[in-house]
>>> print(open('upload38.txt').read())   # compact mmCIF, C-alpha atoms
# COMPACT_ATOMS: atom_id res chain seq x y z
CA GLY V 1 66.41 101.40 105.32
CA GLY V 2 66.55 100.77 101.61
CA GLY V 3 65.23 97.91 99.51
CA GLY V 4 65.72 94.22 100.15
CA LYS V 5 68.19 93.46 97.39
CA LEU V 6 71.24 94.28 99.45
CA VAL V 7 73.88 91.77 100.49
CA LEU V 8 74.12 91.81 104.28
CA SER V 9 76.11 88.71 105.26
CA LYS V 10 78.14 89.77 108.32
CA ALA V 11 77.42 93.41 107.61
CA GLY V 12 75.29 95.73 109.68
CA ARG V 13 72.55 98.01 108.47
CA GLY V 14 71.32 101.52 109.29
CA PRO V 15 69.70 103.96 109.77
CA CYS V 16 72.91 105.14 111.36
CA ARG V 17 71.47 107.09 114.29
CA GLN V 18 69.59 103.99 115.47
CA LEU V 19 72.93 102.24 115.83
CA ILE V 20 73.79 104.46 118.78
CA GLU V 21 70.42 104.49 120.48
CA LYS V 22 69.12 102.16 123.16
CA GLY V 23 65.40 102.70 123.60
CA SER V 24 64.86 106.40 124.14
CA THR V 25 68.38 107.01 125.48
CA MET V 26 70.87 108.55 123.08
CA LEU V 27 74.39 107.45 123.89
CA ASN V 28 77.25 109.82 123.39
CA ARG V 29 80.21 108.64 121.31
CA ARG V 30 82.27 107.57 124.31
CA GLN V 31 79.48 105.42 125.76
CA PHE V 32 78.73 103.91 122.38
CA VAL V 33 82.28 102.88 121.59
CA LYS V 34 82.68 101.35 125.05
CA ILE V 35 79.74 98.97 124.56
CA ALA V 36 80.45 98.17 120.93
CA GLY V 37 82.87 95.31 121.53
CA ALA V 38 86.50 94.42 122.08
CA GLY V 39 89.20 94.68 119.46
CA VAL V 40 92.85 94.03 118.83
CA LEU V 41 95.70 96.49 118.68
CA GLY V 42 98.46 96.90 116.18
CA LEU V 43 100.88 99.79 116.53
CA GLY V 44 103.58 101.22 114.32
CA LEU V 45 105.46 104.38 115.19
CA VAL V 46 106.59 106.36 112.19
CA GLY V 47 108.71 109.51 112.26
CA CYS V 48 107.82 112.52 110.14
CA GLY V 49 110.16 113.58 107.40
CA ASN V 50 111.36 117.13 106.87
CA ASN V 51 109.44 117.69 103.65
CA ALA V 52 106.72 120.27 103.80
CA ALA V 53 103.18 118.93 103.76
CA GLN V 54 101.54 118.78 100.36
CA GLU V 55 99.29 121.77 99.87
CA ALA V 56 95.58 121.17 99.52
CA PRO V 57 94.01 122.31 96.25
CA ASN V 58 93.39 126.05 96.00
CA ILE V 59 89.66 126.05 95.36
CA GLU V 60 87.50 129.14 95.00
CA ALA V 61 85.09 129.68 97.90
CA ALA V 62 81.41 129.42 97.04
CA GLU V 63 78.64 130.82 99.20
CA THR V 64 78.56 127.83 101.54
CA SER V 65 81.53 125.75 100.39
CA SER V 66 84.51 125.59 98.09
CA THR V 67 83.84 123.62 94.93
CA THR V 68 85.25 123.07 91.51
CA GLU V 69 82.94 123.77 88.61
CA ALA V 70 80.97 120.70 87.58
CA THR V 71 81.92 119.72 84.06
CA THR V 72 78.94 117.57 83.13
CA THR V 73 75.36 117.26 84.27
CA ALA V 74 74.13 113.67 84.44
CA PRO V 75 70.43 112.73 84.21
CA GLU V 76 68.41 113.58 87.30
CA PRO V 77 68.16 110.64 89.73
CA THR V 78 64.68 109.19 90.05
CA GLU V 79 64.49 109.04 93.85
CA ARG V 80 65.58 111.23 96.76
CA LYS V 81 67.40 108.49 98.62
CA VAL V 82 70.99 108.48 99.85
CA ALA V 83 73.12 105.60 101.15
CA PHE V 84 76.45 105.34 102.93
CA VAL V 85 78.53 102.19 102.48
CA CYS V 86 81.72 101.25 104.34
CA SER V 87 83.84 98.21 105.09
CA THR V 88 84.59 98.91 108.74
CA ASP V 89 82.46 97.93 111.69
CA LEU V 90 81.23 100.55 114.11
CA THR V 91 84.33 100.56 116.29
CA ASP V 92 86.86 100.16 113.50
CA HIS V 93 88.01 103.53 112.13
CA ASN V 94 85.30 105.43 113.96
CA THR V 95 85.45 108.17 111.33
CA ASP V 96 83.08 105.98 109.29
CA LEU V 97 80.45 106.24 112.02
CA GLU V 98 80.77 110.02 111.94
CA LEU V 99 80.43 110.04 108.15
CA GLY V 100 77.40 107.76 108.24
CA CYS V 101 75.68 109.96 110.80
CA ALA V 102 76.54 113.04 108.73
CA VAL V 103 74.92 111.48 105.66
CA GLU V 104 71.80 110.60 107.61
CA ASP V 105 71.54 113.99 109.33
CA ALA V 106 71.98 115.84 106.04
CA ALA V 107 69.34 113.68 104.38
CA ASN V 108 66.87 114.29 107.19
CA GLU V 109 67.52 118.02 107.00
CA LEU V 110 66.76 118.13 103.27
CA GLY V 111 63.88 115.66 103.11
CA TRP V 112 65.75 112.68 101.67
CA SER V 113 65.60 109.16 103.06
CA ALA V 114 68.88 107.56 104.15
CA ASP V 115 70.34 104.12 104.65
CA TYR V 116 73.70 102.90 105.93
CA GLN V 117 75.61 99.63 105.61
CA TYR V 118 78.85 98.81 107.40
CA GLY V 119 81.18 95.90 108.03
CA LEU V 120 81.10 94.77 104.40
CA GLY V 121 83.75 92.43 103.05
CA SER V 122 85.66 93.44 99.94
CA ASP V 123 83.50 91.13 97.80
CA GLU V 124 80.29 92.62 99.23
CA VAL V 125 80.89 96.33 98.69
CA GLU V 126 80.25 96.41 94.95
CA LYS V 127 77.23 94.10 95.27
CA THR V 128 75.79 96.37 97.94
CA ILE V 129 76.33 99.49 95.84
CA LEU V 130 74.67 97.81 92.85
CA GLY V 131 71.76 96.86 95.10
CA TYR V 132 71.28 100.47 96.10
CA ILE V 133 71.41 101.49 92.44
CA ALA V 134 68.74 98.90 91.60
CA ASP V 135 66.61 100.30 94.41
CA GLY V 136 66.74 103.78 92.87
CA TYR V 137 69.09 105.57 95.24
CA GLY V 138 70.02 108.94 93.79
CA LEU V 139 73.22 109.40 95.85
CA ILE V 140 75.64 106.81 97.22
CA CYS V 141 78.45 107.90 99.55
CA VAL V 142 81.61 105.99 100.48
CA PRO V 143 84.79 106.76 102.47
CA GLU V 144 88.16 107.44 100.91
CA TYR V 145 89.37 103.84 100.79
CA LEU V 146 86.40 102.70 98.63
CA GLY V 147 86.81 105.38 95.97
CA TYR V 148 88.36 102.91 93.53
CA ILE V 149 85.15 100.83 93.54
CA VAL V 150 83.08 103.92 92.80
CA GLU V 151 85.31 104.71 89.82
CA ASP V 152 84.65 101.20 88.51
CA VAL V 153 80.88 101.26 89.04
CA ALA V 154 79.99 104.87 88.18
CA PRO V 155 80.51 104.86 84.37
CA ASP V 156 77.94 102.10 83.88
CA ASN V 157 75.37 103.82 86.11
CA PRO V 158 75.08 107.42 84.93
CA ASN V 159 71.71 108.03 86.62
CA THR V 160 73.23 107.55 90.07
CA VAL V 161 75.53 110.12 91.68
CA PHE V 162 78.44 108.98 93.85
CA CYS V 163 80.26 110.91 96.57
CA VAL V 164 83.65 109.98 98.04
CA PHE V 165 84.59 111.39 101.44
CA GLU V 166 88.22 112.58 101.56
CA GLY V 167 88.81 111.00 98.17
CA SER V 168 90.02 111.97 94.75
CA ALA V 169 87.83 109.81 92.51
CA GLU V 170 86.85 111.46 89.24
CA GLY V 171 83.95 110.94 86.86
CA GLN V 172 80.98 112.61 85.23
CA ASN V 173 78.68 111.43 88.04
CA ILE V 174 81.22 111.49 90.90
CA MET V 175 81.84 114.22 93.45
CA SER V 176 84.21 114.37 96.41
CA ILE V 177 83.96 115.86 99.89
CA SER V 178 87.38 116.85 101.15
CA THR V 179 88.68 118.82 104.10
CA ASP V 180 91.71 121.06 103.74
CA ARG V 181 94.06 118.49 105.27
CA THR V 182 96.92 120.93 105.56
CA GLN V 183 94.76 123.22 107.68
CA VAL V 184 93.60 120.34 109.89
CA GLY V 185 97.18 119.19 110.50
CA GLN V 186 98.44 122.70 111.13
CA LEU V 187 95.63 123.40 113.60
CA GLY V 188 96.52 120.32 115.60
CA GLY V 189 100.29 120.71 115.32
CA SER V 190 100.44 124.36 116.27
CA LEU V 191 98.41 123.83 119.44
CA ALA V 192 100.51 120.78 120.32
CA GLY V 193 103.62 122.92 119.93
CA LEU V 194 102.23 125.52 122.30
CA LEU V 195 101.16 122.98 124.92
CA THR V 196 104.09 120.55 125.08
CA LYS V 197 106.52 120.69 127.97
CA THR V 198 108.54 117.58 127.11
CA GLY V 199 109.09 118.38 123.43
CA PHE V 200 107.45 115.12 122.30
CA VAL V 201 104.13 115.37 120.44
CA GLU V 202 102.19 112.85 118.39
CA ILE V 203 99.34 112.63 115.91
CA VAL V 204 97.44 109.37 116.46
CA GLY V 205 95.48 108.24 113.42
CA GLN V 206 93.64 105.44 111.79
CA SER V 207 95.92 104.42 108.96
CA HIS V 208 99.10 105.95 107.60
CA SER V 209 98.33 104.21 104.30
CA LEU V 210 95.52 106.68 103.54
CA PRO V 211 96.71 109.78 101.66
CA SER V 212 94.45 112.06 103.69
CA PHE V 213 96.06 110.98 106.97
CA GLN V 214 99.56 111.32 105.56
CA GLU V 215 98.84 114.91 104.55
CA ARG V 216 97.41 115.79 107.97
CA ALA V 217 100.36 114.11 109.71
CA ASP V 218 102.99 115.94 107.68
CA ALA V 219 101.26 119.27 108.28
CA PHE V 220 100.99 118.46 112.00
CA CYS V 221 104.72 117.79 112.32
CA ASP V 222 105.75 120.88 110.38
CA ALA V 223 103.40 123.15 112.33
CA ALA V 224 104.47 121.81 115.72
CA ARG V 225 108.12 122.46 114.92
CA LYS V 226 107.41 125.93 113.54
CA VAL V 227 105.61 127.00 116.70
CA ASN V 228 108.11 125.33 119.01
CA PRO V 229 111.57 124.76 117.45
CA SER V 230 112.70 123.00 120.64
CA ILE V 231 110.42 120.04 119.89
CA ASP V 232 112.59 116.95 119.73
CA THR V 233 110.11 114.54 118.15
CA ALA V 234 106.91 115.21 116.25
CA SER V 235 105.67 111.97 114.78
CA TYR V 236 102.59 109.96 113.98
CA LEU V 237 101.17 106.67 115.13
CA ASP V 238 99.27 104.20 113.00
CA TYR V 239 96.83 102.19 115.09
CA ALA V 240 94.61 99.22 114.32
CA GLY V 241 92.65 99.28 117.56
CA LYS V 242 88.96 98.54 117.23
CA ASN V 243 87.69 100.19 120.39
CA GLU V 244 88.70 102.83 122.87
CA ASN V 245 90.19 100.31 125.29
CA ALA V 246 92.61 99.02 122.65
CA VAL V 247 93.53 102.55 121.62
CA SER V 248 93.98 103.44 125.29
CA GLN V 249 96.63 100.73 125.64
CA GLY V 250 98.56 102.22 122.73
CA ALA V 251 98.17 105.76 124.04
CA ASN V 252 99.44 104.63 127.44
CA GLY V 253 102.63 103.37 125.79
CA ILE V 254 103.11 106.69 124.02
CA LEU V 255 102.62 108.68 127.20
CA ASN V 256 105.00 106.40 129.08
CA ALA V 257 107.62 107.18 126.45
CA GLY V 258 107.46 110.87 127.29
CA TYR V 259 104.95 112.24 124.79
CA ASP V 260 102.70 114.77 126.50
CA VAL V 261 100.38 116.04 123.73
CA LEU V 262 98.42 113.76 121.38
CA PHE V 263 96.44 115.00 118.37
CA CYS V 264 93.68 112.44 117.87
CA ASP V 265 92.57 111.91 114.27
CA ASN V 266 89.02 110.78 115.07
CA PRO V 267 86.62 110.51 118.04
CA CYS V 268 87.42 106.85 118.73
CA VAL V 269 91.10 107.71 119.15
CA THR V 270 90.12 110.66 121.34
CA ALA V 271 88.06 108.37 123.58
CA GLY V 272 90.98 105.97 123.98
CA ALA V 273 93.43 108.76 124.67
CA ALA V 274 91.09 110.24 127.28
CA LEU V 275 91.07 106.93 129.15
CA ALA V 276 94.87 106.79 129.18
CA LEU V 277 95.24 110.45 130.14
CA ASP V 278 93.32 109.88 133.37
CA SER V 279 96.55 108.41 134.77
CA TYR V 280 98.87 111.25 133.71
CA ASP V 281 99.35 114.81 134.93
CA ASP V 282 100.29 117.61 132.53
CA CYS V 283 99.47 115.52 129.45
CA PHE V 284 96.73 116.45 127.01
CA ALA V 285 94.92 115.43 123.86
CA ILE V 286 93.52 117.49 121.01
CA GLY V 287 90.31 116.04 119.59
CA SER V 288 88.99 116.12 116.04
CA ILE V 289 85.78 115.96 114.01
CA GLU V 290 83.58 116.53 117.07
CA ASP V 291 84.00 119.07 119.86
CA CYS V 292 85.32 116.29 122.08
CA GLY V 293 85.88 118.32 125.23
CA GLN V 294 82.17 118.13 126.05
CA TYR V 295 82.58 114.38 126.55
CA TYR V 296 85.99 114.04 128.20
CA GLY V 297 86.66 117.16 130.22
CA ALA V 298 89.84 119.11 130.88
CA LYS V 299 92.24 116.54 129.42
CA ILE V 300 90.98 117.44 125.93
CA ALA V 301 92.65 120.80 125.44
CA CYS V 302 90.63 121.70 122.36
CA SER V 303 89.30 120.10 119.17
CA VAL V 304 89.51 120.63 115.42
CA VAL V 305 85.84 120.37 114.47
CA ILE V 306 84.85 119.18 110.99
CA ASP V 307 81.30 119.73 109.76
CA TYR V 308 80.81 116.70 107.52
CA LYS V 309 77.05 117.12 107.76
CA GLY V 310 77.25 120.60 106.26
CA MET V 311 79.45 119.39 103.43
CA ASP V 312 77.14 116.46 102.73
CA GLU V 313 74.17 118.82 102.65
CA GLN V 314 76.01 120.73 99.94
CA ALA V 315 76.52 117.46 98.05
CA VAL V 316 72.80 116.66 98.23
CA LYS V 317 71.94 120.17 97.05
CA SER V 318 74.33 119.73 94.12
CA VAL V 319 72.49 116.55 93.14
CA GLU V 320 69.18 118.38 93.39
CA ALA V 321 70.56 121.16 91.17
CA GLY V 322 71.97 118.68 88.65
CA LYS V 323 75.55 119.92 89.04
CA TYR V 324 78.00 117.39 90.34
CA GLY V 325 80.30 115.92 87.69
CA ASN V 326 83.92 116.02 88.95
CA GLU V 327 82.88 118.41 91.73
CA VAL V 328 84.93 118.83 94.92
CA ILE V 329 83.23 120.22 98.01
CA GLU V 330 86.00 121.40 100.29
CA GLY V 331 85.79 122.17 103.97
CA ASN V 332 88.12 124.83 105.35
CA LEU V 333 88.33 127.59 107.93
CA ALA V 334 87.09 130.23 105.50
CA ASN V 335 83.75 128.56 104.77
CA GLY V 336 83.25 127.32 108.34
CA PHE V 337 83.26 123.60 107.65
CA ILE V 338 86.44 123.48 109.74
CA LYS V 339 86.49 125.38 113.02
CA ILE V 340 88.05 125.36 116.46
CA GLY V 341 86.11 123.76 119.30
CA SER V 342 85.92 124.84 122.91
CA PHE V 343 89.03 125.21 125.06
CA SER V 344 89.25 123.27 128.30
CA SER V 345 90.15 124.84 131.61
CA SER V 346 93.63 123.34 131.26
CA VAL V 347 94.57 125.81 128.49
CA ASP V 348 95.78 129.13 129.88
CA ALA V 349 94.29 132.33 128.49
CA SER V 350 97.70 133.39 127.17
CA VAL V 351 98.04 130.12 125.22
CA GLN V 352 94.51 130.51 123.87
CA GLU V 353 95.36 134.02 122.64
CA LYS V 354 98.54 132.84 120.91
CA TYR V 355 96.73 129.91 119.33
CA LEU V 356 93.83 131.97 118.01
CA SER V 357 96.34 134.30 116.37
CA ILE V 358 97.92 131.28 114.67
CA VAL V 359 94.46 130.07 113.60
CA ASP V 360 93.94 133.39 111.83
CA GLN V 361 97.27 132.92 110.03
CA ILE V 362 96.33 129.39 108.97
CA LYS V 363 92.99 130.67 107.69
CA ALA V 364 94.73 133.42 105.71
CA GLY V 365 97.35 131.02 104.32
CA THR V 366 100.24 132.95 105.87
CA PHE V 367 101.26 130.54 108.64
CA MET V 368 103.75 128.40 106.74
>>> encode(input="upload38.txt", output="structure tokens")
Amino acid sequence: GGGGKLVLSKAGRGPCRQLIEKGSTMLNRRQFVKIAGAGVLGLGLVGCGNNAAQEAPNIEAAETSSTTEATTTAPEPTERKVAFVCSTDLTDHNTDLELGCAVEDAANELGWSADYQYGLGSDEVEKTILGYIADGYGLICVPEYLGYIVEDVAPDNPNTVFCVFEGSAEGQNIMSISTDRTQVGQLGGSLAGLLTKTGFVEIVGQSHSLPSFQERADAFCDAARKVNPSIDTASYLDYAGKNENAVSQGANGILNAGYDVLFCDNPCVTAGAALALDSYDDCFAIGSIEDCGQYYGAKIACSVVIDYKGMDEQAVKSVEAGKYGNEVIEGNLANGFIKIGSFSSSVDASVQEKYLSIVDQIKAGTFM
């Protein structure tokens, strides 16, 4: 880990990969979330409107990613150290675990050291970031919901570069990593539209208050209805479950209500949905971020895979090259940072063929 000036309190500390290891046994995501502790559930069902999803920025494709041109080059950081800071614990909004592991894996690939702190209270985040700055970290990464703190801290610390996942923070020493959220939503929604038999499909996510989730959800609803106009309800669920068992309870309620295809916004949601789906025939989930079918079998029809590690590697390379001010590294189908995972045996060959044709349309921008 990093230096000893960091505020830990109730927080946990990386390296991230060690958080999912027990001795020499590497746990997969499902095993890890199951042992990580119990949580509470809060559910709110929200219907999608008829407005088209907001289009993601049209960014020129670079050799390995899509980026905007950096406007200013800040002084070169003194040390090749990267940190990831988040407020959630390891079972709360499991996307943060994926992001932390991506940061660590990218750092290891490029010869940087990495550290990770999680579970920080709102009063601890800024202190922790300042501690990393004092310890000479050249790159500090945070998730979308902490971008506002980065915008406050960055101007006074020009020798440190900051990166916001799925955020829109701007500054001379700030960059963002962002997936094409419209593509992600359309990929999930179109497959849900092809698979549903009841006409009720759902995107299950971590928080409808985050702009990135809202964009994915809107695109999901629009795509599902375009592929299958007979769909009666395409909507999204905001959950506050902290482990897969809590999410499973919520998913069970959705399935009982007649929904038969769930698009899961992160691996923790996928794990919970997989538990619930064990009790239902002809109901399926679509995973995201990871290729989730390898963990949960035929009930995971397919996955929308997001290569956060690859995007973070590009961020580290931008820091090394001294080009990062106001830069956006975008993941999409064209540059390979978004791709389709493996199909399960539950998806007929004819459906796979139709879906792959739609994927090509989404990639080309001609689907909607």
>>> closest_residue(input="upload38.txt", among="V:Leu191, V:Ile289, V:Leu262, V:Ala246", to="V:Asn228", atoms="all atoms listed in the file")
V:Leu191
>>> atom_distance(input="upload38.txt", atom1="atom CA of V:Asn157", atom2="atom CA of V:Leu139")
11.4 Å
>>> residues_around(input="upload38.txt", residues="stretch 172-179 of chain V", least_positions_apart="2", cutoff="6 Å", atoms="only C-alpha atoms", output="PyMOL selection string")
chain V and resi 72+161-167+170+181+324-331
>>> atom_distance(input="upload38.txt", atom1="atom CA of V:Asp260", atom2="atom CA of V:Gly287")
14.2 Å
>>> atom_distance(input="upload38.txt", atom1="atom CA of V:Glu79", atom2="atom CA of V:Gly100")
19.4 Å
>>> residues_around(input="upload38.txt", residues="V:Asp232", least_positions_apart="6", cutoff="9 Å", atoms="only C-alpha atoms", output="PyMOL selection string")
chain V and resi 198-201+225
>>> closest_atom_pairs(input="upload38.txt", of="stretch 309-364 of chain V", to="stretch 281-284 of chain V", cutoff="12 Å", atoms="all atoms listed in the file", output="Markdown table")
| residue | atom | partner | partner_atom | distance |
| --- | --- | --- | --- | --- |
| V:Phe343 | CA | V:Phe284 | CA | 11.8 |
| V:Ser344 | CA | V:Phe284 | CA | 10.2 |
| V:Ser345 | CA | V:Phe284 | CA | 11.6 |
| V:Ser346 | CA | V:Phe284 | CA | 8.7 |
| V:Val347 | CA | V:Phe284 | CA | 9.7 |
>>> write_last_selection(input="upload38.txt", atoms="C-alpha atoms", output="PDB file, keeping the file's coordinate frame")
ATOM      1  CA  PHE V 343      89.030 125.210 125.060  1.00  0.00           C
ATOM      2  CA  SER V 344      89.250 123.270 128.300  1.00  0.00           C
ATOM      3  CA  SER V 345      90.150 124.840 131.610  1.00  0.00           C
ATOM      4  CA  SER V 346      93.630 123.340 131.260  1.00  0.00           C
ATOM      5  CA  VAL V 347      94.570 125.810 128.490  1.00  0.00           C
TER       6      VAL V 347
END
>>> closest_residue(input="upload38.txt", among="V:Ala224, V:Ala154, V:Cys101, V:Cys86", to="V:Val125", atoms="only C-alpha atoms")
V:Cys86
>>> residues_around(input="upload38.txt", residues="V:Asp348", least_positions_apart="5", cutoff="10 Å", atoms="all atoms listed in the file", output="PyMOL selection string")
chain V and resi 195+301+343+353
>>> closest_residue(input="upload38.txt", among="V:Glu313, V:Glu202, V:Asp96, V:Glu104", to="V:Asp222", atoms="all atoms listed in the file")
V:Glu202
>>> closest_residue(input="upload38.txt", among="V:Asn266, V:Ala251, V:Pro143, V:Asp180", to="V:Gly365", atoms="all atoms listed in the file")
V:Asp180
>>> residues_around(input="upload38.txt", residues="V:Gln183", least_positions_apart="2", cutoff="10 Å", atoms="all atoms listed in the file", output="compact mmCIF listing (two decimals) with C-alpha atoms, in the frame of the given file")
# COMPACT_ATOMS: atom_id res chain seq x y z
CA GLU V 55 99.29 121.77 99.87
CA ALA V 56 95.58 121.17 99.52
CA THR V 179 88.68 118.82 104.10
CA ASP V 180 91.71 121.06 103.74
CA ARG V 181 94.06 118.49 105.27
CA GLY V 185 97.18 119.19 110.50
CA GLN V 186 98.44 122.70 111.13
CA LEU V 187 95.63 123.40 113.60
CA GLY V 188 96.52 120.32 115.60
CA GLY V 189 100.29 120.71 115.32
CA GLU V 215 98.84 114.91 104.55
CA ARG V 216 97.41 115.79 107.97
CA ALA V 219 101.26 119.27 108.28
CA PHE V 220 100.99 118.46 112.00
CA ALA V 223 103.40 123.15 112.33
CA VAL V 304 89.51 120.63 115.42
CA GLY V 331 85.79 122.17 103.97
CA ASN V 332 88.12 124.83 105.35
CA LEU V 333 88.33 127.59 107.93
CA ILE V 338 86.44 123.48 109.74
CA VAL V 359 94.46 130.07 113.60
CA ILE V 362 96.33 129.39 108.97
CA LYS V 363 92.99 130.67 107.69
CA GLY V 365 97.35 131.02 104.32
CA PHE V 367 101.26 130.54 108.64
>>> closest_residue(input="upload38.txt", among="V:Thr270, V:Ser350, V:Gln214, V:Ser303", to="V:Thr95", atoms="all atoms listed in the file")
V:Thr270
>>> closest_residue(input="upload38.txt", among="V:Thr182, V:Asn159, V:Ser279, V:Ser87", to="V:Val319", atoms="only C-alpha atoms")
V:Asn159
>>> decode(input="upload38.txt", residues="stretch 341-348 of chain V", atoms="all heavy atoms", output="mmCIF file, in the first residue's frame")
data_model
loop_
_atom_site.group_PDB
_atom_site.id
_atom_site.type_symbol
_atom_site.label_atom_id
_atom_site.label_comp_id
_atom_site.auth_asym_id
_atom_site.auth_seq_id
_atom_site.Cartn_x
_atom_site.Cartn_y
_atom_site.Cartn_z
ATOM 1 N N GLY V 341 -19.913 -10.765 -24.379
ATOM 2 C CA GLY V 341 -19.358 -11.966 -23.777
ATOM 3 C C GLY V 341 -19.882 -13.223 -24.430
ATOM 4 O O GLY V 341 -20.487 -13.196 -25.508
ATOM 5 N N SER V 342 -19.675 -14.336 -23.773
ATOM 6 C CA SER V 342 -20.086 -15.626 -24.322
ATOM 7 C C SER V 342 -21.583 -15.852 -24.143
ATOM 8 O O SER V 342 -22.177 -15.422 -23.152
ATOM 9 C CB SER V 342 -19.310 -16.744 -23.638
ATOM 10 O OG SER V 342 -19.480 -16.679 -22.222
ATOM 11 N N PHE V 343 -22.196 -16.510 -25.107
ATOM 12 C CA PHE V 343 -23.599 -16.897 -25.013
ATOM 13 C C PHE V 343 -23.716 -18.183 -24.208
ATOM 14 O O PHE V 343 -22.864 -19.069 -24.297
ATOM 15 C CB PHE V 343 -24.203 -17.134 -26.397
ATOM 16 C CG PHE V 343 -24.406 -15.882 -27.211
ATOM 17 C CD1 PHE V 343 -23.535 -15.571 -28.237
ATOM 18 C CD2 PHE V 343 -25.463 -15.034 -26.942
ATOM 19 C CE1 PHE V 343 -23.716 -14.426 -29.001
ATOM 20 C CE2 PHE V 343 -25.658 -13.877 -27.693
ATOM 21 C CZ PHE V 343 -24.779 -13.571 -28.726
ATOM 22 N N SER V 344 -24.801 -18.303 -23.448
ATOM 23 C CA SER V 344 -25.059 -19.551 -22.751
ATOM 24 C C SER V 344 -25.831 -20.494 -23.663
ATOM 25 O O SER V 344 -26.341 -20.100 -24.723
ATOM 26 C CB SER V 344 -25.857 -19.306 -21.475
ATOM 27 O OG SER V 344 -27.227 -19.087 -21.765
ATOM 28 N N SER V 345 -25.934 -21.729 -23.245
ATOM 29 C CA SER V 345 -26.647 -22.731 -24.032
ATOM 30 C C SER V 345 -28.139 -22.445 -24.113
ATOM 31 O O SER V 345 -28.844 -23.041 -24.938
ATOM 32 C CB SER V 345 -26.430 -24.117 -23.419
ATOM 33 O OG SER V 345 -26.872 -24.144 -22.064
ATOM 34 N N SER V 346 -28.626 -21.512 -23.286
ATOM 35 C CA SER V 346 -30.055 -21.190 -23.291
ATOM 36 C C SER V 346 -30.446 -20.266 -24.442
ATOM 37 O O SER V 346 -31.636 -20.049 -24.686
ATOM 38 C CB SER V 346 -30.444 -20.532 -21.962
ATOM 39 O OG SER V 346 -29.745 -19.318 -21.779
ATOM 40 N N VAL V 347 -29.467 -19.712 -25.146
ATOM 41 C CA VAL V 347 -29.747 -18.771 -26.235
ATOM 42 C C VAL V 347 -29.647 -19.510 -27.568
ATOM 43 O O VAL V 347 -28.573 -19.972 -27.965
ATOM 44 C CB VAL V 347 -28.771 -17.584 -26.214
ATOM 45 C CG1 VAL V 347 -29.126 -16.581 -27.315
ATOM 46 C CG2 VAL V 347 -28.777 -16.908 -24.857
ATOM 47 N N ASP V 348 -30.764 -19.640 -28.249
ATOM 48 C CA ASP V 348 -30.806 -20.354 -29.521
ATOM 49 C C ASP V 348 -29.885 -19.703 -30.558
ATOM 50 O O ASP V 348 -29.652 -18.481 -30.525
ATOM 51 C CB ASP V 348 -32.230 -20.376 -30.083
ATOM 52 C CG ASP V 348 -33.183 -21.188 -29.229
ATOM 53 O OD1 ASP V 348 -32.703 -22.028 -28.448
ATOM 54 O OD2 ASP V 348 -34.402 -20.955 -29.331
#
